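See below for the structure under consideration.
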Amino acid sequence: MSRARLALLPAVALVGLVALTACSSSGDEPDSASSTQGGDKQVSPPAPKPITKALTQADLTQAVLGDGEGLPGYTVHGTKEVTDGQYCGPAQDDSVPKGWVRGSDASYEYNGSTLNMADVHICLFGTAKDAHNAYLAWKGAEKSMEQPAKPPVGDESTLVINPGGSEDNVYGYSRSGKVVIRVQVDGNTGGDPSGARAMLGATLTRLQQLQDGKPASATVAEEQAAAAK
């Protein structure tokens with residue numbers, strides 16, 4: 001065999017090795033883009049739209065759920081009311097929370113009965129900090145009975161199951177910007193907080209609609225359908 005042919009053998013072997021290496025790196029292992037293209041993607045929840053405007057009394061009253069907009073079987077007991085400041089804080093404290101501006105509320109009968117009722121309170125504060133402090137005081141400190149709202153409602157939200165040693169009751173609390181919402185469902189819950197959570201979510205959506213210059217139209221049924229997706 002000639003020296004020229006012997007000299008070519010290492011070069012040919014080297015070319016073959018390079019080709020094999022290229023095939024292995026490009027064909028056997030998918031790149032990062034293709035590996036994630038067909039997989040499940042994490043979908044971030046929609047960014048909260050905090051209530052930052054000084055909504056009027058008429059706005060807050062409109063945001064309160066009316067007949068046919070709340071939980072099935074519940075209708076407004078009497079009329080929607082203007083909330084006094086002392087009702088925007090803990091039940092055992094009659095003082096007006098710092099920074100309170102105005103509020104609105106309503107109570108709801110269940111199938112025409114006042115034995116098992118629900119209610120919602122909306123309280124507007126001058127600053128988000130004042131609203132945050134009121135939210136913490138309002139929901140209390142029964143940590144063992146608390147669970148987060150899923151999906152969350154507003155900037156912070158909590159559901160309290162059977163507060164104060166009660167039975168079959170669920171309370172819900174949410175803060176969005178300068179507004180705090182409280183929902184109470186007394187009886188007919190079976191310990192299921194989904195109804196209270198839906199009332200919180202629908203009420204906040206109505207406030208957001210009003211802040212955007214639209215009429216309040218969101219309902220509990222729509223909120224439940226959206227949460228189930």
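Convention: chains lettered A, B, ... in structure tokens order; per-chain residue numbering from 1; ligands numbered from 1 as shown.
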
Selection near segment 160-171 of chain A, 8 Å with only C-alpha atoms, sequence-local residues under 5 positions removed, as a VMD selection string:
chain A and resid 139 142 145 to 147 182 to 193 196

Find the residues around Leu71 of chain A up to 9 Å (only C-alpha atoms counted), leave out those fewer than 6 positions away in its own chain, and share them as a VMD selection string.
chain A and resid 195 to 196 198 to 199 219 to 221

Could you give me, as a list in words, the residues within 12 Å of Asp94 of chain A, counting only C-alpha atoms and dropping anything in the same chain fewer than 5 positions from it?
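Those residues are Asp84, Gly85, Gln86, Tyr87, Cys88 and Gly89 of chain A.
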
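Candidate residues A:Gly201, A:Gly112, A:Gly73, A:Gly103 were compared for distance to Asp59 of chain A, and the nearest is A:Gly103, using only C-alpha atoms.
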
For Thr83 of chain A: contacts at 10 Å, only C-alpha atoms, fewer than 5 positions along chain excluded, given as a ChimeraX atom specification:
/A:57,60-61,88,102-106,121-123

Residue subset to file, keeping C-alpha atoms, as a compact mmCIF listing (two decimals), in the first residue's frame:
```txt
# COMPACT_ATOMS: atom_id res chain seq x y z
CA GLN A 57 -72.22 55.30 46.58
CA LEU A 60 -71.13 50.38 45.27
CA THR A 61 -74.87 49.79 45.49
CA CYS A 88 -66.87 47.32 57.81
CA ARG A 102 -68.35 54.44 52.13
CA GLY A 103 -70.00 51.07 51.66
CA SER A 104 -73.03 49.11 50.53
CA ASP A 105 -74.56 45.77 51.49
CA ALA A 106 -77.50 43.42 51.10
CA HIS A 121 -70.74 43.91 52.24
CA ILE A 122 -68.59 46.18 50.07
CA CYS A 123 -66.41 48.73 51.86
```

In segment 120-226 of chain A, DSSP alpha helix (DSSP H) residues written as a short mmCIF file (atom, residue, chain, number, x, y, z; two decimals) with N, CA, C and O atoms, in the first residue's frame:
```
data_model
loop_
_atom_site.label_atom_id
_atom_site.label_comp_id
_atom_site.auth_asym_id
_atom_site.auth_seq_id
_atom_site.Cartn_x
_atom_site.Cartn_y
_atom_site.Cartn_z
N ALA A 128 -55.07 51.76 49.69
CA ALA A 128 -54.96 50.30 49.68
C ALA A 128 -54.43 49.78 51.02
O ALA A 128 -54.81 48.69 51.46
N LYS A 129 -53.58 50.57 51.68
CA LYS A 129 -53.05 50.14 52.98
C LYS A 129 -54.16 50.07 54.02
O LYS A 129 -54.23 49.11 54.80
N ASP A 130 -55.02 51.08 54.05
CA ASP A 130 -56.14 51.05 54.99
C ASP A 130 -57.07 49.87 54.69
O ASP A 130 -57.57 49.21 55.61
N ALA A 131 -57.29 49.60 53.41
CA ALA A 131 -58.13 48.46 53.03
C ALA A 131 -57.49 47.15 53.46
O ALA A 131 -58.18 46.24 53.94
N HIS A 132 -56.18 47.05 53.31
CA HIS A 132 -55.47 45.83 53.72
C HIS A 132 -55.61 45.60 55.22
O HIS A 132 -55.89 44.48 55.67
N ASN A 133 -55.42 46.66 56.00
CA ASN A 133 -55.54 46.52 57.45
C ASN A 133 -56.96 46.13 57.85
O ASN A 133 -57.16 45.30 58.76
N ALA A 134 -57.95 46.71 57.18
CA ALA A 134 -59.34 46.36 57.47
C ALA A 134 -59.63 44.91 57.09
O ALA A 134 -60.34 44.19 57.80
N TYR A 135 -59.07 44.47 55.98
CA TYR A 135 -59.24 43.08 55.54
C TYR A 135 -58.69 42.11 56.59
O TYR A 135 -59.36 41.13 56.95
N LEU A 136 -57.50 42.39 57.11
CA LEU A 136 -56.90 41.51 58.11
C LEU A 136 -57.74 41.46 59.38
O LEU A 136 -57.96 40.40 59.97
N ALA A 137 -58.22 42.63 59.81
CA ALA A 137 -59.02 42.69 61.04
C ALA A 137 -60.38 42.02 60.85
O ALA A 137 -60.88 41.33 61.76
N TRP A 138 -60.96 42.19 59.69
CA TRP A 138 -62.30 41.68 59.42
C TRP A 138 -62.33 40.15 59.38
O TRP A 138 -63.24 39.52 59.92
N LYS A 139 -61.34 39.55 58.74
CA LYS A 139 -61.37 38.10 58.59
C LYS A 139 -60.99 37.37 59.87
O LYS A 139 -61.24 36.17 60.00
N SER A 194 -67.42 26.94 47.81
CA SER A 194 -67.45 27.41 46.42
C SER A 194 -68.50 28.50 46.19
O SER A 194 -68.30 29.41 45.38
N GLY A 195 -69.63 28.42 46.90
CA GLY A 195 -70.66 29.44 46.73
C GLY A 195 -70.21 30.79 47.22
O GLY A 195 -70.40 31.82 46.55
N ALA A 196 -69.59 30.82 48.40
CA ALA A 196 -69.07 32.08 48.94
C ALA A 196 -67.98 32.64 48.05
O ALA A 196 -67.92 33.85 47.80
N ARG A 197 -67.12 31.76 47.53
CA ARG A 197 -66.05 32.21 46.64
C ARG A 197 -66.62 32.81 45.35
O ARG A 197 -66.14 33.82 44.85
N ALA A 198 -67.69 32.20 44.82
CA ALA A 198 -68.31 32.71 43.60
C ALA A 198 -68.96 34.07 43.84
O ALA A 198 -68.93 34.95 42.97
N MET A 199 -69.55 34.26 45.02
CA MET A 199 -70.14 35.56 45.35
C MET A 199 -69.05 36.63 45.43
O MET A 199 -69.24 37.76 44.95
N LEU A 200 -67.92 36.29 46.03
CA LEU A 200 -66.80 37.24 46.08
C LEU A 200 -66.35 37.61 44.67
O LEU A 200 -66.18 38.79 44.35
N GLY A 201 -66.14 36.59 43.84
CA GLY A 201 -65.63 36.83 42.50
C GLY A 201 -66.58 37.65 41.64
O GLY A 201 -66.16 38.57 40.93
N ALA A 202 -67.87 37.34 41.71
CA ALA A 202 -68.85 38.08 40.91
C ALA A 202 -68.94 39.53 41.37
O ALA A 202 -69.05 40.45 40.55
N THR A 203 -68.90 39.74 42.69
CA THR A 203 -68.97 41.10 43.21
C THR A 203 -67.76 41.92 42.78
O THR A 203 -67.90 43.09 42.37
N LEU A 204 -66.57 41.32 42.84
CA LEU A 204 -65.38 42.04 42.40
C LEU A 204 -65.44 42.35 40.91
O LEU A 204 -65.09 43.46 40.48
N THR A 205 -65.89 41.41 40.11
CA THR A 205 -66.00 41.66 38.67
C THR A 205 -66.96 42.81 38.39
O THR A 205 -66.71 43.66 37.52
N ARG A 206 -68.04 42.90 39.14
CA ARG A 206 -68.99 44.00 38.97
C ARG A 206 -68.33 45.34 39.33
O ARG A 206 -68.53 46.35 38.64
N LEU A 207 -67.53 45.35 40.38
CA LEU A 207 -66.79 46.57 40.74
C LEU A 207 -65.82 46.97 39.63
O LEU A 207 -65.68 48.15 39.29
N GLN A 208 -65.14 45.98 39.05
CA GLN A 208 -64.21 46.26 37.96
C GLN A 208 -64.94 46.80 36.74
O GLN A 208 -64.45 47.70 36.05
N GLN A 209 -66.12 46.25 36.45
CA GLN A 209 -66.91 46.75 35.33
C GLN A 209 -67.29 48.21 35.54
O GLN A 209 -67.19 49.04 34.62
N LEU A 210 -67.70 48.55 36.75
CA LEU A 210 -68.08 49.93 37.05
C LEU A 210 -66.87 50.86 36.98
O LEU A 210 -66.97 51.99 36.49
N GLN A 211 -65.72 50.39 37.45
CA GLN A 211 -64.51 51.20 37.37
C GLN A 211 -64.13 51.48 35.92
O GLN A 211 -63.59 52.54 35.61
N VAL A 220 -73.16 35.33 39.65
CA VAL A 220 -72.52 34.18 40.30
C VAL A 220 -72.42 33.01 39.33
O VAL A 220 -71.41 32.30 39.30
N ALA A 221 -73.46 32.79 38.53
CA ALA A 221 -73.44 31.68 37.57
C ALA A 221 -72.27 31.83 36.59
O ALA A 221 -71.58 30.85 36.28
N GLU A 222 -72.03 33.04 36.12
CA GLU A 222 -70.91 33.28 35.21
C GLU A 222 -69.58 33.06 35.91
O GLU A 222 -68.64 32.50 35.34
N GLU A 223 -69.50 33.48 37.16
CA GLU A 223 -68.27 33.31 37.93
C GLU A 223 -67.98 31.83 38.16
O GLU A 223 -66.84 31.39 38.05
N GLN A 224 -69.01 31.06 38.48
CA GLN A 224 -68.82 29.63 38.69
C GLN A 224 -68.38 28.93 37.42
O GLN A 224 -67.53 28.04 37.45
N ALA A 225 -68.95 29.34 36.29
CA ALA A 225 -68.56 28.74 35.01
C ALA A 225 -67.11 29.06 34.67
O ALA A 225 -66.36 28.20 34.20
N ALA A 226 -66.69 30.31 34.94
CA ALA A 226 -65.31 30.70 34.65
C ALA A 226 -64.33 29.98 35.56
O ALA A 226 -63.25 29.57 35.13
#
```
